[in-house]
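Novice: You'll find query.cif just under this line, and it carries mmCIF, C-alpha atoms.
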data_my_file
#
loop_
_atom_site.label_atom_id
_atom_site.label_comp_id
_atom_site.auth_asym_id
_atom_site.auth_seq_id
_atom_site.Cartn_x
_atom_site.Cartn_y
_atom_site.Cartn_z
CA MET A 1 -29.28 224.37 208.67
CA ILE A 2 -28.84 225.20 212.35
CA ILE A 3 -25.44 224.78 213.96
CA ILE A 4 -25.40 224.51 217.75
CA VAL A 5 -22.03 225.69 219.06
CA THR A 6 -21.32 224.29 222.51
CA GLY A 7 -18.53 223.95 225.05
CA MET A 8 -17.78 224.65 228.70
CA PRO A 9 -16.99 228.23 229.83
CA GLY A 10 -13.58 229.31 228.55
CA SER A 11 -13.30 226.46 226.03
CA GLY A 12 -13.10 228.71 222.96
CA LYS A 13 -16.68 228.85 221.62
CA SER A 14 -16.51 232.50 220.56
CA LYS A 15 -13.66 231.75 218.13
CA ILE A 16 -15.96 229.28 216.33
CA VAL A 17 -18.88 231.72 216.21
CA TRP A 18 -16.52 234.38 214.85
CA GLU A 19 -15.15 232.06 212.17
CA PHE A 20 -18.71 231.51 210.89
CA ALA A 21 -19.51 235.22 211.26
CA ARG A 22 -16.72 236.33 208.98
CA ARG A 23 -18.23 234.11 206.29
CA GLY A 24 -21.49 236.05 206.66
CA ILE A 25 -23.22 233.42 208.82
CA PRO A 26 -25.28 235.01 211.61
CA HIS A 27 -25.68 233.74 215.14
CA VAL A 28 -28.12 234.02 218.02
CA SER A 29 -26.62 234.07 221.49
CA MET A 30 -28.94 232.59 224.11
CA GLY A 31 -27.11 234.67 226.72
CA ASP A 32 -28.07 237.81 224.76
CA VAL A 33 -31.69 236.63 224.71
CA VAL A 34 -31.68 236.58 228.53
CA ARG A 35 -29.88 239.95 228.66
CA GLU A 36 -32.52 241.50 226.34
CA GLU A 37 -35.28 240.16 228.57
CA ALA A 38 -33.57 241.73 231.60
CA GLU A 39 -33.47 245.06 229.78
CA ARG A 40 -37.12 244.80 228.70
CA ARG A 41 -38.12 244.14 232.33
CA GLY A 42 -35.86 246.84 233.80
CA ILE A 43 -33.86 244.29 235.79
CA PRO A 44 -30.14 245.17 236.21
CA LYS A 45 -27.81 242.98 234.15
CA THR A 46 -25.75 241.85 237.13
CA LYS A 47 -25.10 238.20 238.00
CA GLU A 48 -28.04 238.30 240.47
CA GLY A 49 -30.31 240.14 238.02
CA MET A 50 -29.61 237.62 235.27
CA ALA A 51 -30.32 234.71 237.62
CA LYS A 52 -33.61 236.39 238.57
CA VAL A 53 -34.66 236.82 234.92
CA SER A 54 -33.77 233.20 234.16
CA ILE A 55 -35.90 231.96 237.05
CA ARG A 56 -38.85 234.19 236.07
CA LEU A 57 -38.63 233.09 232.44
CA ARG A 58 -38.74 229.45 233.45
CA GLN A 59 -41.73 230.13 235.71
CA GLU A 60 -43.56 231.78 232.81
CA LEU A 61 -42.48 229.63 229.85
CA GLY A 62 -41.27 226.37 231.38
CA GLN A 63 -37.89 224.65 231.53
CA ASN A 64 -36.85 225.54 227.97
CA ALA A 65 -37.88 229.20 228.26
CA VAL A 66 -34.70 230.64 226.77
CA ALA A 67 -34.79 228.20 223.84
CA LYS A 68 -38.43 229.15 223.19
CA LEU A 69 -37.53 232.87 223.12
CA THR A 70 -34.66 232.06 220.78
CA VAL A 71 -36.88 230.30 218.20
CA PRO A 72 -38.42 233.46 216.57
CA LYS A 73 -34.97 235.06 216.26
CA VAL A 74 -33.62 231.97 214.51
CA ARG A 75 -36.72 231.79 212.29
CA GLU A 76 -36.23 235.37 211.16
CA LEU A 77 -32.57 234.78 210.31
CA LEU A 78 -33.37 231.55 208.42
CA GLU A 79 -35.56 233.57 206.05
CA LYS A 80 -32.46 235.25 204.64
CA HIS A 81 -29.67 232.77 205.49
CA ARG A 82 -29.10 229.11 204.70
CA VAL A 83 -27.15 228.58 207.95
CA VAL A 84 -27.74 230.04 211.42
CA ILE A 85 -25.56 229.50 214.52
CA ILE A 86 -27.03 229.13 218.01
CA ASP A 87 -24.63 229.80 220.87
CA GLY A 88 -25.39 228.99 224.51
CA VAL A 89 -27.44 225.77 224.41
CA ARG A 90 -27.24 223.98 227.77
CA SER A 91 -29.22 220.76 227.35
CA LEU A 92 -30.40 218.14 224.87
CA ASP A 93 -33.90 219.16 225.91
CA GLU A 94 -33.32 222.66 224.51
CA ILE A 95 -32.14 221.08 221.27
CA GLY A 96 -35.44 219.16 221.31
CA THR A 97 -37.22 222.52 221.37
CA PHE A 98 -35.31 223.59 218.25
CA ARG A 99 -35.98 220.26 216.52
CA SER A 100 -39.72 220.65 217.13
CA ALA A 101 -39.70 224.29 215.98
CA PHE A 102 -37.66 223.55 212.83
CA PRO A 103 -38.61 220.02 211.74
CA ASP A 104 -37.24 220.54 208.21
CA GLU A 105 -33.89 222.02 209.18
CA GLU A 106 -30.82 219.91 209.66
CA ILE A 107 -29.43 220.54 213.16
CA VAL A 108 -25.79 219.78 213.90
CA ILE A 109 -23.86 220.08 217.15
CA PHE A 110 -20.35 221.56 217.03
CA ALA A 111 -18.46 221.24 220.34
CA VAL A 112 -15.11 222.40 221.58
CA HIS A 113 -13.39 220.67 224.47
CA THR A 114 -10.67 222.22 226.60
CA PRO A 115 -9.38 220.47 229.74
CA PRO A 116 -10.60 222.16 232.98
CA ARG A 117 -7.14 223.35 234.10
CA GLN A 118 -6.57 225.15 230.80
CA ARG A 119 -10.04 226.70 230.83
CA PHE A 120 -9.43 228.02 234.34
CA LYS A 121 -6.10 229.57 233.28
CA ARG A 122 -7.67 231.20 230.23
CA LEU A 123 -10.68 232.55 232.13
CA ARG A 124 -8.40 234.07 234.77
CA GLU A 125 -6.32 235.69 232.05
CA ARG A 126 -9.43 236.97 230.25
CA GLY A 127 -10.67 238.59 233.44
CA ARG A 128 -14.21 239.55 232.35
CA SER A 129 -16.23 240.81 235.31
CA ASP A 130 -18.01 237.44 235.66
CA ASP A 131 -14.85 235.35 235.19
CA PRO A 132 -13.69 233.20 238.15
CA GLN A 133 -11.22 234.59 240.68
CA SER A 134 -10.51 231.21 242.28
CA TRP A 135 -10.71 227.49 241.52
CA GLU A 136 -13.84 227.34 243.72
CA ASP A 137 -15.51 230.10 241.64
CA PHE A 138 -14.55 228.18 238.53
CA GLU A 139 -16.00 224.90 239.78
CA GLU A 140 -19.19 226.67 240.81
CA ARG A 141 -19.59 228.23 237.37
CA ASP A 142 -18.89 224.90 235.67
CA TRP A 143 -21.45 223.22 237.86
CA LYS A 144 -24.07 225.80 236.85
CA GLU A 145 -23.65 224.64 233.25
CA LEU A 146 -23.29 220.94 234.02
CA LYS A 147 -26.46 220.68 236.09
CA PHE A 148 -28.51 221.85 233.09
CA GLY A 149 -27.01 218.99 231.10
CA ILE A 150 -24.45 220.71 228.86
CA GLY A 151 -22.24 217.62 229.20
CA ASN A 152 -24.82 215.57 227.33
CA VAL A 153 -24.87 218.12 224.49
CA ILE A 154 -21.07 217.82 224.27
CA ALA A 155 -21.24 213.99 224.42
CA MET A 156 -23.64 213.97 221.44
CA ALA A 157 -21.64 216.39 219.27
CA ASP A 158 -21.50 215.73 215.53
CA TYR A 159 -18.20 217.61 215.33
CA MET A 160 -15.68 218.17 218.07
CA ILE A 161 -12.41 220.04 218.34
CA VAL A 162 -9.97 219.56 221.22
CA ASN A 163 -8.43 222.91 222.14
CA ASP A 164 -5.49 221.95 224.35
CA GLY A 165 -2.52 223.24 222.38
CA PRO A 166 -1.21 226.57 221.10
CA LYS A 167 -3.71 229.26 220.06
CA GLU A 168 -2.59 229.19 216.41
CA GLU A 169 -3.18 225.43 216.22
CA TYR A 170 -6.71 225.85 217.55
CA GLU A 171 -7.47 228.67 215.11
CA LYS A 172 -6.30 226.49 212.24
CA LYS A 173 -8.45 223.56 213.39
CA VAL A 174 -11.53 225.82 213.70
CA LYS A 175 -11.01 227.31 210.24
CA GLU A 176 -10.63 223.86 208.65
CA LEU A 177 -13.64 222.39 210.41
CA VAL A 178 -15.88 225.39 209.66
CA GLU A 179 -14.99 225.02 205.98
CA ARG A 180 -15.57 221.27 206.07
CA ILE A 181 -19.00 221.61 207.72
CA LEU A 182 -20.12 224.22 205.21
CA ALA A 183 -18.91 222.03 202.35
CA GLU A 184 -20.49 218.83 203.71
CA HIS A 185 -23.96 220.23 204.43
CA MET B 1 -2.50 207.43 239.82
CA ILE B 2 -5.99 206.46 238.69
CA ILE B 3 -7.00 206.98 235.07
CA ILE B 4 -10.73 207.08 234.36
CA VAL B 5 -11.35 206.02 230.75
CA THR B 6 -14.69 207.29 229.50
CA GLY B 7 -16.71 207.67 226.32
CA MET B 8 -20.12 206.86 224.89
CA PRO B 9 -20.90 203.27 223.73
CA GLY B 10 -18.96 202.46 220.57
CA SER B 11 -16.60 205.42 220.88
CA GLY B 12 -13.42 203.34 221.14
CA LYS B 13 -12.74 203.05 224.89
CA SER B 14 -11.46 199.48 224.76
CA LYS B 15 -8.62 200.48 222.43
CA ILE B 16 -7.39 202.90 225.13
CA VAL B 17 -7.66 200.32 227.91
CA TRP B 18 -5.76 197.85 225.70
CA GLU B 19 -3.01 200.37 224.95
CA PHE B 20 -2.42 200.78 228.71
CA ALA B 21 -2.72 197.01 229.27
CA ARG B 22 0.07 196.16 226.87
CA ARG B 23 2.33 198.43 228.96
CA GLY B 24 1.48 196.29 232.02
CA ILE B 25 -1.09 198.72 233.43
CA PRO B 26 -4.10 196.89 234.89
CA HIS B 27 -7.73 197.97 234.69
CA VAL B 28 -10.97 197.43 236.55
CA SER B 29 -14.12 197.31 234.44
CA MET B 30 -17.18 198.53 236.33
CA GLY B 31 -19.29 196.45 233.95
CA ASP B 32 -17.38 193.34 235.09
CA VAL B 33 -18.04 194.31 238.73
CA VAL B 34 -21.78 194.18 238.01
CA ARG B 35 -21.42 190.91 236.07
CA GLU B 36 -19.53 189.33 239.01
CA GLU B 37 -22.28 190.42 241.38
CA ALA B 38 -24.86 188.82 239.08
CA GLU B 39 -22.88 185.59 239.16
CA ARG B 40 -22.49 185.70 242.95
CA ARG B 41 -26.26 186.12 243.29
CA GLY B 42 -27.13 183.50 240.70
CA ILE B 43 -28.88 186.04 238.48
CA PRO B 44 -28.59 185.34 234.72
CA LYS B 45 -26.26 187.75 232.91
CA THR B 46 -28.89 188.84 230.39
CA LYS B 47 -29.84 192.48 229.76
CA GLU B 48 -32.77 192.09 232.18
CA GLY B 49 -30.69 190.27 234.77
CA MET B 50 -27.99 192.94 234.71
CA ALA B 51 -30.60 195.70 235.12
CA LYS B 52 -32.01 193.78 238.11
CA VAL B 53 -28.59 193.48 239.77
CA SER B 54 -27.90 197.18 239.20
CA ILE B 55 -31.19 198.16 240.83
CA ARG B 56 -30.61 195.83 243.81
CA LEU B 57 -27.07 197.11 244.29
CA ARG B 58 -28.30 200.68 244.38
CA GLN B 59 -31.00 199.73 246.89
CA GLU B 60 -28.39 198.12 249.12
CA LEU B 61 -25.41 200.46 248.70
CA GLY B 62 -26.87 203.70 247.38
CA GLN B 63 -26.51 205.60 244.10
CA ASN B 64 -22.77 204.94 243.69
CA ALA B 65 -23.05 201.22 244.50
CA VAL B 66 -20.92 200.03 241.58
CA ALA B 67 -18.20 202.61 242.31
CA LYS B 68 -18.17 201.47 245.96
CA LEU B 69 -17.73 197.83 244.92
CA THR B 70 -14.96 198.89 242.56
CA VAL B 71 -12.92 200.63 245.30
CA PRO B 72 -11.43 197.50 246.96
CA LYS B 73 -10.41 196.09 243.56
CA VAL B 74 -8.63 199.33 242.69
CA ARG B 75 -7.02 199.45 246.13
CA GLU B 76 -5.62 195.97 245.70
CA LEU B 77 -4.15 196.79 242.30
CA LEU B 78 -2.62 200.05 243.57
CA GLU B 79 -0.57 198.04 246.08
CA LYS B 80 1.45 196.60 243.21
CA HIS B 81 0.98 199.16 240.42
CA ARG B 82 1.67 202.89 240.15
CA VAL B 83 -1.20 203.37 237.67
CA VAL B 84 -4.64 201.73 237.55
CA ILE B 85 -7.31 202.24 234.89
CA ILE B 86 -11.03 202.37 235.71
CA ASP B 87 -13.37 201.70 232.80
CA GLY B 88 -17.13 202.31 232.91
CA VAL B 89 -17.57 205.41 235.11
CA ARG B 90 -20.93 207.03 234.37
CA SER B 91 -21.05 210.16 236.54
CA LEU B 92 -18.98 212.83 238.28
CA ASP B 93 -20.55 211.58 241.48
CA GLU B 94 -18.90 208.17 241.00
CA ILE B 95 -15.58 209.97 240.51
CA GLY B 96 -16.33 211.71 243.83
CA THR B 97 -16.53 208.24 245.42
CA PHE B 98 -13.06 207.42 244.05
CA ARG B 99 -11.65 210.79 245.18
CA SER B 100 -12.90 210.16 248.73
CA ALA B 101 -11.58 206.60 248.76
CA PHE B 102 -8.17 207.58 247.34
CA PRO B 103 -7.45 211.11 248.64
CA ASP B 104 -3.71 210.83 247.92
CA GLU B 105 -3.98 209.47 244.38
CA GLU B 106 -4.02 211.73 241.36
CA ILE B 107 -7.16 211.03 239.33
CA VAL B 108 -7.27 211.95 235.65
CA ILE B 109 -10.11 211.61 233.16
CA PHE B 110 -9.29 210.33 229.66
CA ALA B 111 -12.21 210.61 227.22
CA VAL B 112 -12.79 209.56 223.65
CA HIS B 113 -15.41 211.26 221.52
CA THR B 114 -16.93 209.75 218.40
CA PRO B 115 -19.88 211.43 216.64
CA PRO B 116 -23.18 209.54 217.17
CA ARG B 117 -23.60 208.51 213.53
CA GLN B 118 -20.17 206.88 213.47
CA ARG B 119 -20.73 205.14 216.81
CA PHE B 120 -23.99 203.70 215.49
CA LYS B 121 -22.27 202.41 212.36
CA ARG B 122 -19.46 200.81 214.39
CA LEU B 123 -21.79 199.21 216.92
CA ARG B 124 -23.89 197.70 214.12
CA GLU B 125 -20.76 196.32 212.50
CA ARG B 126 -19.49 194.97 215.81
CA GLY B 127 -22.74 193.12 216.39
CA ARG B 128 -22.28 192.01 220.00
CA SER B 129 -25.47 190.51 221.38
CA ASP B 130 -26.30 193.74 223.24
CA ASP B 131 -25.39 196.04 220.32
CA PRO B 132 -28.19 198.10 218.75
CA GLN B 133 -30.18 196.75 215.81
CA SER B 134 -31.80 200.08 214.98
CA TRP B 135 -31.29 203.83 215.48
CA GLU B 136 -34.01 203.69 218.17
CA ASP B 137 -32.13 200.94 220.06
CA PHE B 138 -29.00 203.06 219.77
CA GLU B 139 -30.67 206.19 221.12
CA GLU B 140 -32.15 204.19 223.99
CA ARG B 141 -28.76 202.78 224.94
CA ASP B 142 -27.15 206.22 224.70
CA TRP B 143 -29.84 207.65 226.90
CA LYS B 144 -29.19 204.96 229.53
CA GLU B 145 -25.63 206.32 229.82
CA LEU B 146 -26.54 210.00 229.50
CA LYS B 147 -29.15 209.97 232.24
CA PHE B 148 -26.50 208.83 234.74
CA GLY B 149 -24.45 211.88 233.78
CA ILE B 150 -21.70 210.41 231.59
CA GLY B 151 -21.81 213.61 229.51
CA ASN B 152 -20.53 215.58 232.47
CA VAL B 153 -17.62 213.18 232.91
CA ILE B 154 -16.74 213.69 229.23
CA ALA B 155 -17.12 217.50 229.55
CA MET B 156 -14.63 217.52 232.45
CA ALA B 157 -12.01 215.32 230.76
CA ASP B 158 -8.35 216.15 231.33
CA TYR B 159 -7.45 214.47 228.05
CA MET B 160 -9.66 213.92 225.03
CA ILE B 161 -9.25 212.23 221.68
CA VAL B 162 -11.66 212.71 218.79
CA ASN B 163 -12.12 209.40 216.97
CA ASP B 164 -13.82 210.41 213.73
CA GLY B 165 -11.29 209.40 211.11
CA PRO B 166 -9.62 206.18 209.89
CA LYS B 167 -8.88 203.44 212.42
CA GLU B 168 -5.11 203.75 211.97
CA GLU B 169 -5.23 207.46 212.75
CA TYR B 170 -7.14 206.78 215.97
CA GLU B 171 -4.72 204.04 217.02
CA LYS B 172 -1.81 206.43 216.49
CA LYS B 173 -3.49 209.17 218.55
CA VAL B 174 -4.21 206.73 221.41
CA LYS B 175 -0.63 205.44 221.44
CA GLU B 176 0.79 208.97 221.53
CA LEU B 177 -1.56 210.20 224.24
CA VAL B 178 -1.04 207.11 226.44
CA GLU B 179 2.71 207.69 226.25
CA ARG B 180 2.29 211.40 226.97
CA ILE B 181 0.10 210.80 230.03
CA LEU B 182 2.51 208.23 231.46
CA ALA B 183 5.41 210.62 230.89
CA GLU B 184 3.62 213.65 232.32
CA HIS B 185 2.38 212.04 235.55
#
Rewrite the coordinates I just gave you, this time as structure tokens.
Specialist:
Amino acid sequence: MIIIVTGMPGSGKSKIVWEFARRGIPHVSMGDVVREEAERRGIPKTKEGMAKVSIRLRQELGQNAVAKLTVPKVRELLEKHRVVIIDGVRSLDEIGTFRSAFPDEEIVIFAVHTPPRQRFKRLRERGRSDDPQSWEDFEERDWKELKFGIGNVIAMADYMIVNDGPKEEYEKKVKELVERILAEH
Amino acid sequence: MIIIVTGMPGSGKSKIVWEFARRGIPHVSMGDVVREEAERRGIPKTKEGMAKVSIRLRQELGQNAVAKLTVPKVRELLEKHRVVIIDGVRSLDEIGTFRSAFPDEEIVIFAVHTPPRQRFKRLRERGRSDDPQSWEDFEERDWKELKFGIGNVIAMADYMIVNDGPKEEYEKKVKELVERILAEH
């Protein structure tokens, strides 16, 4: 089984990936796939460098380039694990790439939704180097995801958690849903 | 204040609109706006007729034609009501039309998410004339919404309810959130 973990920036995806990880379930980050490609090509892993790699990859491998590069990594993990997580899917078209590559695997979408204002607050507090400094930065980053079609992935989620309350409440919801998904599939 | 109620077909939007309505809060259905236009033009209100009206409207008024026709109806209601609901928005661009038309009104997005399999089951049970007979019909209808960009509206929701449990549970969640929104704004 492949579980696609999706959500807008700052929504709380990493908590979900971590909750699977501590049960021994591995994940492939599509962001890491791009970062590895940058390294392999000697392109600096800055915001501009990453954009450059993404554009080149799409020129070479087509629209779903990153998904295509992710497939062999997922295949390798599926040899030893019943469940593999994919983090960083941005469109239903990318999910199509996974469906074609793994016709016999069940693929489920697990989304987390956090209202924009709360995501902005959390991203500012997190303060990673690529996190938004202003509301305009935030909107620009959101738009980067939305124009690929991440909204449609979220709209078609098989499981969804709303993360708009206290941290402990969200952690509890994630734990319960991770257990439920693993029990149901 | 304008509240945009959104969700995929069969997700449970009408329950939300109804919960506002019984508190005296009026709504404008963008679907009704298209149906009225069909009537005005003497075009039959069949699936084909409605598609024809939609295409003509976009030719005449541009991409956000239905939103533009909705504006005067919302404006009229806002003269007598503090809160108006808009039902049937399909893209962030349409919300942009409302933001431009009502620069002084707060606009919030209220989404409901139901997993695809459950929406399909509910739509089959509902059995309206335009409801899907098969999974293929269902996917086609979903795609009609998704290609406009409804996923992005859902992804940017200020409030979201997950409707994946018993009916009574959903009704309770809607009631509570409607009361919370009216209290908070």
Novice: Leaving out Thr70 in chain B and any residue of its chain fewer than 2 positions from it, which residues lie within 10 Å of it when counting all atoms listed in the file, given as a list of chain:residue names?
Specialist: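 Within the cut-off, the hits are B:Val28, B:Ser29, B:Met30, B:Gly31, B:Asp32, B:Val33, B:Val34, B:Asn64, B:Ala65, B:Val66, B:Ala67, B:Lys68, B:Pro72, B:Lys73, B:Val74, B:Arg75, B:Ile86, B:Thr97, B:Phe98.
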Novice: Pairing the C-alpha atoms in order across the whole chain, superpose chain B onto chain A by least squares and write the result as a tab-separated table (two decimals) with C-alpha atoms, in the coordinates of the input.
Specialist:
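The result, written out as out-v1.tsv:
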chain	number	residue	atom	x	y	z
B	1	MET	CA	-29.27	224.36	208.65
B	2	ILE	CA	-28.84	225.19	212.32
B	3	ILE	CA	-25.43	224.78	213.95
B	4	ILE	CA	-25.40	224.51	217.74
B	5	VAL	CA	-22.02	225.70	219.05
B	6	THR	CA	-21.32	224.30	222.50
B	7	GLY	CA	-18.54	223.96	225.04
B	8	MET	CA	-17.79	224.64	228.69
B	9	PRO	CA	-16.98	228.23	229.83
B	10	GLY	CA	-13.58	229.29	228.54
B	11	SER	CA	-13.30	226.46	226.03
B	12	GLY	CA	-13.10	228.70	222.95
B	13	LYS	CA	-16.68	228.85	221.62
B	14	SER	CA	-16.52	232.49	220.55
B	15	LYS	CA	-13.66	231.76	218.13
B	16	ILE	CA	-15.96	229.29	216.32
B	17	VAL	CA	-18.88	231.72	216.20
B	18	TRP	CA	-16.51	234.39	214.85
B	19	GLU	CA	-15.14	232.06	212.17
B	20	PHE	CA	-18.71	231.51	210.89
B	21	ALA	CA	-19.52	235.23	211.26
B	22	ARG	CA	-16.71	236.34	208.99
B	23	ARG	CA	-18.23	234.11	206.29
B	24	GLY	CA	-21.51	236.05	206.67
B	25	ILE	CA	-23.22	233.42	208.82
B	26	PRO	CA	-25.29	235.01	211.60
B	27	HIS	CA	-25.69	233.74	215.15
B	28	VAL	CA	-28.12	234.02	218.02
B	29	SER	CA	-26.62	234.06	221.50
B	30	MET	CA	-28.96	232.59	224.11
B	31	GLY	CA	-27.11	234.65	226.71
B	32	ASP	CA	-28.06	237.81	224.77
B	33	VAL	CA	-31.70	236.64	224.71
B	34	VAL	CA	-31.67	236.59	228.52
B	35	ARG	CA	-29.88	239.96	228.67
B	36	GLU	CA	-32.52	241.51	226.36
B	37	GLU	CA	-35.28	240.16	228.58
B	38	ALA	CA	-33.57	241.72	231.60
B	39	GLU	CA	-33.47	245.05	229.79
B	40	ARG	CA	-37.12	244.78	228.72
B	41	ARG	CA	-38.11	244.14	232.34
B	42	GLY	CA	-35.86	246.82	233.78
B	43	ILE	CA	-33.85	244.30	235.79
B	44	PRO	CA	-30.15	245.18	236.22
B	45	LYS	CA	-27.82	242.99	234.15
B	46	THR	CA	-25.75	241.88	237.14
B	47	LYS	CA	-25.10	238.22	238.02
B	48	GLU	CA	-28.03	238.34	240.47
B	49	GLY	CA	-30.30	240.15	238.05
B	50	MET	CA	-29.61	237.64	235.28
B	51	ALA	CA	-30.33	234.72	237.64
B	52	LYS	CA	-33.62	236.42	238.57
B	53	VAL	CA	-34.66	236.83	234.93
B	54	SER	CA	-33.77	233.21	234.18
B	55	ILE	CA	-35.91	231.97	237.07
B	56	ARG	CA	-38.86	234.19	236.07
B	57	LEU	CA	-38.63	233.09	232.45
B	58	ARG	CA	-38.74	229.45	233.47
B	59	GLN	CA	-41.74	230.14	235.71
B	60	GLU	CA	-43.55	231.78	232.82
B	61	LEU	CA	-42.47	229.64	229.86
B	62	GLY	CA	-41.26	226.38	231.38
B	63	GLN	CA	-37.87	224.66	231.54
B	64	ASN	CA	-36.83	225.54	227.97
B	65	ALA	CA	-37.88	229.20	228.27
B	66	VAL	CA	-34.70	230.64	226.76
B	67	ALA	CA	-34.79	228.18	223.84
B	68	LYS	CA	-38.43	229.16	223.20
B	69	LEU	CA	-37.53	232.86	223.12
B	70	THR	CA	-34.66	232.06	220.78
B	71	VAL	CA	-36.89	230.31	218.20
B	72	PRO	CA	-38.43	233.44	216.58
B	73	LYS	CA	-34.98	235.06	216.26
B	74	VAL	CA	-33.63	231.97	214.52
B	75	ARG	CA	-36.72	231.78	212.31
B	76	GLU	CA	-36.24	235.35	211.17
B	77	LEU	CA	-32.59	234.77	210.31
B	78	LEU	CA	-33.38	231.54	208.42
B	79	GLU	CA	-35.59	233.55	206.05
B	80	LYS	CA	-32.49	235.23	204.65
B	81	HIS	CA	-29.69	232.78	205.50
B	82	ARG	CA	-29.10	229.11	204.70
B	83	VAL	CA	-27.15	228.58	207.95
B	84	VAL	CA	-27.74	230.03	211.42
B	85	ILE	CA	-25.57	229.50	214.50
B	86	ILE	CA	-27.04	229.13	218.00
B	87	ASP	CA	-24.63	229.80	220.86
B	88	GLY	CA	-25.38	228.98	224.51
B	89	VAL	CA	-27.45	225.76	224.40
B	90	ARG	CA	-27.23	223.99	227.76
B	91	SER	CA	-29.21	220.76	227.34
B	92	LEU	CA	-30.40	218.13	224.86
B	93	ASP	CA	-33.90	219.15	225.88
B	94	GLU	CA	-33.32	222.66	224.51
B	95	ILE	CA	-32.14	221.07	221.25
B	96	GLY	CA	-35.44	219.14	221.30
B	97	THR	CA	-37.23	222.52	221.37
B	98	PHE	CA	-35.31	223.59	218.25
B	99	ARG	CA	-35.98	220.26	216.51
B	100	SER	CA	-39.73	220.65	217.12
B	101	ALA	CA	-39.72	224.27	215.98
B	102	PHE	CA	-37.66	223.55	212.84
B	103	PRO	CA	-38.61	220.01	211.74
B	104	ASP	CA	-37.25	220.53	208.21
B	105	GLU	CA	-33.90	222.04	209.18
B	106	GLU	CA	-30.81	219.92	209.66
B	107	ILE	CA	-29.42	220.54	213.15
B	108	VAL	CA	-25.77	219.78	213.88
B	109	ILE	CA	-23.86	220.08	217.14
B	110	PHE	CA	-20.34	221.56	217.03
B	111	ALA	CA	-18.45	221.23	220.32
B	112	VAL	CA	-15.11	222.41	221.59
B	113	HIS	CA	-13.39	220.67	224.47
B	114	THR	CA	-10.68	222.24	226.60
B	115	PRO	CA	-9.39	220.48	229.74
B	116	PRO	CA	-10.60	222.16	232.97
B	117	ARG	CA	-7.16	223.33	234.09
B	118	GLN	CA	-6.58	225.15	230.81
B	119	ARG	CA	-10.05	226.70	230.83
B	120	PHE	CA	-9.42	228.01	234.34
B	121	LYS	CA	-6.11	229.54	233.28
B	122	ARG	CA	-7.69	231.20	230.23
B	123	LEU	CA	-10.68	232.55	232.13
B	124	ARG	CA	-8.39	234.07	234.77
B	125	GLU	CA	-6.31	235.69	232.05
B	126	ARG	CA	-9.41	236.96	230.27
B	127	GLY	CA	-10.66	238.59	233.44
B	128	ARG	CA	-14.19	239.56	232.38
B	129	SER	CA	-16.20	240.82	235.34
B	130	ASP	CA	-18.00	237.46	235.67
B	131	ASP	CA	-14.84	235.35	235.20
B	132	PRO	CA	-13.68	233.22	238.14
B	133	GLN	CA	-11.23	234.59	240.69
B	134	SER	CA	-10.52	231.21	242.27
B	135	TRP	CA	-10.71	227.48	241.51
B	136	GLU	CA	-13.84	227.34	243.70
B	137	ASP	CA	-15.52	230.10	241.64
B	138	PHE	CA	-14.56	228.18	238.52
B	139	GLU	CA	-16.01	224.90	239.77
B	140	GLU	CA	-19.20	226.68	240.79
B	141	ARG	CA	-19.61	228.23	237.36
B	142	ASP	CA	-18.89	224.90	235.66
B	143	TRP	CA	-21.46	223.22	237.84
B	144	LYS	CA	-24.07	225.82	236.84
B	145	GLU	CA	-23.64	224.65	233.23
B	146	LEU	CA	-23.29	220.94	234.01
B	147	LYS	CA	-26.45	220.70	236.08
B	148	PHE	CA	-28.49	221.87	233.08
B	149	GLY	CA	-27.02	218.99	231.10
B	150	ILE	CA	-24.45	220.71	228.86
B	151	GLY	CA	-22.25	217.60	229.20
B	152	ASN	CA	-24.82	215.57	227.31
B	153	VAL	CA	-24.87	218.11	224.49
B	154	ILE	CA	-21.07	217.82	224.27
B	155	ALA	CA	-21.24	213.98	224.41
B	156	MET	CA	-23.64	213.97	221.43
B	157	ALA	CA	-21.63	216.38	219.27
B	158	ASP	CA	-21.49	215.73	215.53
B	159	TYR	CA	-18.20	217.61	215.32
B	160	MET	CA	-15.66	218.17	218.06
B	161	ILE	CA	-12.39	220.04	218.35
B	162	VAL	CA	-9.96	219.56	221.22
B	163	ASN	CA	-8.43	222.92	222.15
B	164	ASP	CA	-5.50	221.97	224.36
B	165	GLY	CA	-2.53	223.23	222.40
B	166	PRO	CA	-1.21	226.59	221.13
B	167	LYS	CA	-3.71	229.25	220.07
B	168	GLU	CA	-2.58	229.17	216.43
B	169	GLU	CA	-3.16	225.43	216.24
B	170	TYR	CA	-6.71	225.85	217.56
B	171	GLU	CA	-7.46	228.67	215.12
B	172	LYS	CA	-6.28	226.47	212.25
B	173	LYS	CA	-8.45	223.55	213.40
B	174	VAL	CA	-11.53	225.81	213.70
B	175	LYS	CA	-10.99	227.30	210.24
B	176	GLU	CA	-10.63	223.85	208.66
B	177	LEU	CA	-13.64	222.37	210.42
B	178	VAL	CA	-15.88	225.38	209.65
B	179	GLU	CA	-14.99	225.02	205.98
B	180	ARG	CA	-15.57	221.26	206.09
B	181	ILE	CA	-19.00	221.60	207.71
B	182	LEU	CA	-20.11	224.23	205.20
B	183	ALA	CA	-18.90	222.03	202.35
B	184	GLU	CA	-20.46	218.84	203.71
B	185	HIS	CA	-23.95	220.23	204.41
Novice: Identify which of the residues A:Glu105, A:Lys52, A:Gly62, A:Pro116 lies closest to Val153 in chain B, counting all atoms listed in the file when measuring atom-to-atom distances.
Specialist: A:Pro116
Novice: Can you tell me which residues surround Ile181 in chain B at a distance of at most 10 Å, considering all atoms listed in the file, apart from same-chain residues fewer than 5 positions away, and format the answer as a PyMOL selection string?
Specialist: chain B and resi 3+108+110+159+176
